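Working notes, beginning with the structure itself.
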Amino acid sequence: MADRNALTSRQIPSMTLSDGSDSSLTAPPPPLPHYLTPEGRAIARFAVEGCCVVTGGAGTLGLSAARALLEHGASGVALWDLPATLQSSKSAIDELNDSSEQSPVIVVPVDVADQGSVTAGLHETLEVFETVDHLFCFAGIVGCVPALTMTAEQFRKTLNVNITGSFLTAQAIAQHMASNPAPNRSVTLTASISAHRVNYPQPQAAYNVSKAAVVALKSSLAAEWAHAGIRVNSISPGYMDTILNAGEGSIEEMRKVWASRNPMGRMGAVGELDGVCVLLASRAGTYINGADFVIDGGATLF
């Protein structure tokens with residue numbers, strides 16, 4: 001009873017919003033130098049400055065995004081992933097490192113659902129890069145289990161990786177960013193078309209719920225962190241043509257269903273998320289905050 005009575009006298013924290021002044025971290029970027037050629041202005045507009053962390057970075061989509069960020073000027077990329085995935089993707093990571101010229105690529109073993117592992121991963125990353133300017137959260141798992149037979153453990157595991165893992169990673173890196181203020185920092189979460197509609201024909205209630213939560217988390221963090229110069233957005237991919245959606249048998253049949261319900265008649269190709277990742281980390285994205293980019297070929301139109 002005493003705890004209930006205390007509710008009437010509790011102190012509720014309030015968000016801080018930026019005033020948008022020229023001295024704030026949310027001020028517009030300075031004009032591009034007048035001496036640049038049109039080609040130079042085009043390059044500068046989509047230049048990525050600073051170091052990036054990519055969770056799920058040893059996966060197909062994470063590696064592709066990392067390559068694009070490096071090609072657009074990122075000064076370094078840390079690939080965070082589970083040790084087994086880092087090992088299985090070693091040849092692809094080595095190839096990326098060899099092609100990145102002067103910008104280092106490091107691998108950091110991290111379990112995003114474990115706060116201690118995230119803290120250790122950030123510490124290891126900062127020993128090399130000193131600062132992190134952009135975060136891309138690609139780490140996630142999929143579970144296709146009928147809701148009538150799904151266990152509590154199965155439900156919790158999906159949410160623990162997809163939403164709690166996204167929060168723990170974003171929080172740790174945002175704390176670092178806030179302690180080392182600079183304009184145009186960004187956090188990009190990965191949601192899904194599953195956040196916007198029920199997928200068919202596979203049952204995946206836990207996954208759908210977790211991705212809807214990612215979209216809600218993106219909005220909440222965008223509101224809270226903008227004053228610190230941290231923009232938070234999300235991307236919602238449709239079905240992407242990676243090893244997770246490859247195979248024969250039932251997967252092959254589902255691929256046909258997915259394609260038949262898409263106006264473009266196909267799944268997304270590796271690389272078709274990269275442009276949005278570059279946009280959100282570059283000068284071109286400095287006024288994009290709290291947005292969710294649905295990249296699905298029009299699948300969610302129906």
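We name chains A, B, ... following the order of the structure tokens; residues begin at 1 in each chain, and ligands are numbered from 1 as shown.
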
task = Please report, as a PyMOL selection string, each residue of region 7-206 of chain A to which DSSP assigns strand (DSSP E) when run on this structure's backbone.
result = chain A and resi 51-55+76-81+105-109+134-137+185-190

Generate the output file for the selected residues, N, CA and C atoms, as an mmCIF file, in the first residue's frame.
data_model
loop_
_atom_site.group_PDB
_atom_site.id
_atom_site.type_symbol
_atom_site.label_atom_id
_atom_site.label_comp_id
_atom_site.auth_asym_id
_atom_site.auth_seq_id
_atom_site.Cartn_x
_atom_site.Cartn_y
_atom_site.Cartn_z
ATOM 1 N N CYS A 51 34.078 6.676 -37.767
ATOM 2 C CA CYS A 51 34.125 5.216 -37.663
ATOM 3 C C CYS A 51 32.738 4.630 -37.418
ATOM 4 N N CYS A 52 32.540 3.423 -37.892
ATOM 5 C CA CYS A 52 31.235 2.769 -37.822
ATOM 6 C C CYS A 52 31.345 1.425 -37.100
ATOM 7 N N VAL A 53 30.295 1.085 -36.377
ATOM 8 C CA VAL A 53 30.127 -0.255 -35.827
ATOM 9 C C VAL A 53 28.956 -0.895 -36.552
ATOM 10 N N VAL A 54 29.141 -2.125 -37.000
ATOM 11 C CA VAL A 54 28.076 -2.883 -37.662
ATOM 12 C C VAL A 54 27.874 -4.173 -36.884
ATOM 13 N N THR A 55 26.739 -4.299 -36.192
ATOM 14 C CA THR A 55 26.455 -5.561 -35.508
ATOM 15 C C THR A 55 25.869 -6.542 -36.520
ATOM 16 N N GLY A 76 36.929 3.795 -40.636
ATOM 17 C CA GLY A 76 37.135 2.462 -40.078
ATOM 18 C C GLY A 76 35.802 1.816 -39.782
ATOM 19 N N VAL A 77 35.772 0.500 -39.769
ATOM 20 C CA VAL A 77 34.547 -0.246 -39.471
ATOM 21 C C VAL A 77 34.880 -1.383 -38.514
ATOM 22 N N ALA A 78 34.081 -1.502 -37.470
ATOM 23 C CA ALA A 78 34.189 -2.633 -36.540
ATOM 24 C C ALA A 78 33.020 -3.570 -36.792
ATOM 25 N N LEU A 79 33.332 -4.806 -37.116
ATOM 26 C CA LEU A 79 32.309 -5.821 -37.357
ATOM 27 C C LEU A 79 32.076 -6.581 -36.056
ATOM 28 N N TRP A 80 30.916 -6.404 -35.458
ATOM 29 C CA TRP A 80 30.557 -7.115 -34.233
ATOM 30 C C TRP A 80 29.704 -8.314 -34.591
ATOM 31 N N ASP A 81 30.077 -9.485 -34.107
ATOM 32 C CA ASP A 81 29.269 -10.673 -34.371
ATOM 33 C C ASP A 81 29.699 -11.783 -33.415
ATOM 34 N N VAL A 105 39.513 -2.461 -40.949
ATOM 35 C CA VAL A 105 38.337 -3.258 -40.604
ATOM 36 C C VAL A 105 38.741 -4.187 -39.475
ATOM 37 N N ILE A 106 38.055 -4.100 -38.343
ATOM 38 C CA ILE A 106 38.381 -4.975 -37.223
ATOM 39 C C ILE A 106 37.185 -5.866 -36.908
ATOM 40 N N VAL A 107 37.457 -7.031 -36.352
ATOM 41 C CA VAL A 107 36.386 -7.933 -35.939
ATOM 42 C C VAL A 107 36.370 -7.984 -34.418
ATOM 43 N N VAL A 108 35.176 -7.918 -33.855
ATOM 44 C CA VAL A 108 35.024 -7.896 -32.403
ATOM 45 C C VAL A 108 33.945 -8.903 -32.026
ATOM 46 N N PRO A 109 34.281 -9.950 -31.271
ATOM 47 C CA PRO A 109 33.254 -10.914 -30.853
ATOM 48 C C PRO A 109 32.309 -10.291 -29.835
ATOM 49 N N HIS A 134 28.970 6.131 -35.989
ATOM 50 C CA HIS A 134 27.747 5.583 -36.582
ATOM 51 C C HIS A 134 27.605 4.117 -36.178
ATOM 52 N N LEU A 135 26.392 3.740 -35.858
ATOM 53 C CA LEU A 135 26.068 2.357 -35.501
ATOM 54 C C LEU A 135 24.994 1.823 -36.436
ATOM 55 N N PHE A 136 25.221 0.617 -36.933
ATOM 56 C CA PHE A 136 24.217 -0.088 -37.734
ATOM 57 C C PHE A 136 23.960 -1.439 -37.080
ATOM 58 N N CYS A 137 22.724 -1.667 -36.675
ATOM 59 C CA CYS A 137 22.354 -2.903 -35.975
ATOM 60 C C CYS A 137 21.719 -3.887 -36.950
ATOM 61 N N ARG A 185 26.049 12.342 -35.500
ATOM 62 C CA ARG A 185 26.213 10.930 -35.169
ATOM 63 C C ARG A 185 24.905 10.225 -35.542
ATOM 64 N N SER A 186 24.961 8.930 -35.794
ATOM 65 C CA SER A 186 23.739 8.227 -36.181
ATOM 66 C C SER A 186 23.695 6.813 -35.637
ATOM 67 N N VAL A 187 22.484 6.366 -35.364
ATOM 68 C CA VAL A 187 22.191 4.983 -34.991
ATOM 69 C C VAL A 187 21.110 4.499 -35.940
ATOM 70 N N THR A 188 21.359 3.398 -36.616
ATOM 71 C CA THR A 188 20.376 2.835 -37.538
ATOM 72 C C THR A 188 20.041 1.419 -37.099
ATOM 73 N N LEU A 189 18.789 1.208 -36.722
ATOM 74 C CA LEU A 189 18.317 -0.102 -36.303
ATOM 75 C C LEU A 189 17.731 -0.840 -37.504
ATOM 76 N N THR A 190 17.718 -2.155 -37.438
ATOM 77 C CA THR A 190 17.102 -2.944 -38.499
ATOM 78 C C THR A 190 15.792 -3.529 -38.002
#

Which of region 40-281 of chain A DSSP labels helix (DSSP H, G or I), written as a PyMOL selection string = chain A and resi 40-45+60-71+83-88+90-99+115-129+152-179+193-195+205-228+243-245+250-260+274-281

Show me a table, sorted first by chain and then by increasing residue number, of the residues of region 24-134 of chain A having an atom at most 12 Å from region 234-254 of chain A, each with its shortest atom pair and the distance in Å to one decimal, counting only C-alpha atoms and written as a tab-separated table.
residue	atom	partner	partner_atom	distance
A:Gly59	CA	A:Thr242	CA	9.2
A:Thr60	CA	A:Thr242	CA	6.8
A:Leu61	CA	A:Thr242	CA	8.0
A:Gly62	CA	A:Thr242	CA	11.3
A:Leu63	CA	A:Thr242	CA	12.0
A:Ser64	CA	A:Thr242	CA	11.4

7 Å contact set for region 213-227 of chain A, only C-alpha atoms, chain neighbours under 2 positions out, as an mmCIF file with C-alpha atoms, in the first residue's frame:
data_model
loop_
_atom_site.group_PDB
_atom_site.id
_atom_site.type_symbol
_atom_site.label_atom_id
_atom_site.label_comp_id
_atom_site.auth_asym_id
_atom_site.auth_seq_id
_atom_site.Cartn_x
_atom_site.Cartn_y
_atom_site.Cartn_z
ATOM 1 C CA MET A 15 13.170 14.712 -22.200
ATOM 2 C CA THR A 16 15.576 17.387 -23.339
ATOM 3 C CA LEU A 17 14.979 18.822 -26.797
ATOM 4 C CA SER A 18 17.506 20.819 -28.774
ATOM 5 C CA LEU A 25 24.598 19.686 -31.945
ATOM 6 C CA THR A 26 21.517 19.754 -34.188
ATOM 7 C CA ILE A 163 14.904 -5.925 -29.439
ATOM 8 C CA LEU A 189 18.317 -0.102 -36.303
ATOM 9 C CA ALA A 191 13.386 -3.597 -38.295
ATOM 10 C CA VAL A 209 6.489 -8.586 -32.410
ATOM 11 C CA SER A 210 10.230 -8.055 -31.969
ATOM 12 C CA LYS A 211 10.502 -6.039 -35.171
ATOM 13 C CA GLY A 229 23.521 15.121 -31.948
ATOM 14 C CA ILE A 230 22.465 11.488 -32.337
ATOM 15 C CA ARG A 231 19.942 10.720 -35.056
ATOM 16 C CA VAL A 232 18.121 7.392 -34.749
ATOM 17 C CA ASN A 233 16.375 5.760 -37.693
ATOM 18 C CA SER A 234 15.477 2.270 -38.849
ATOM 19 C CA ASN A 289 15.563 11.483 -37.554
ATOM 20 C CA GLY A 290 12.934 9.029 -36.335
#

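Across the structure, CA of Thr151 (chain A) and CA of Ala139 (chain A) are spaced 22.3 Å apart.
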
query = For Asn184 (chain A), which residue among A:Arg41, A:His196, A:Lys256, A:Arg283 is the nearest when counting only C-alpha atoms?
reply = A:Arg283

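The gap separating CA of Asn208 (chain A) from CA of Ile295 (chain A) is 16.3 Å, in Å to one decimal.
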
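For the choices A:Gln87, A:Gln204, A:Ser23, A:Ser194, the atom-to-atom distance to Asp296 (chain A) is smallest for A:Ser194 when using only C-alpha atoms.
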
key: Between CA of Tyr207 (chain A) and CA of Gly297 (chain A) - distance in Å to one decimal   = 20.6 Å

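Nearest to Gly140 (chain A) of all the residues A:Gly57, A:Gly121, A:Pro263, A:Gly268 is A:Gly57, counting only C-alpha atoms.
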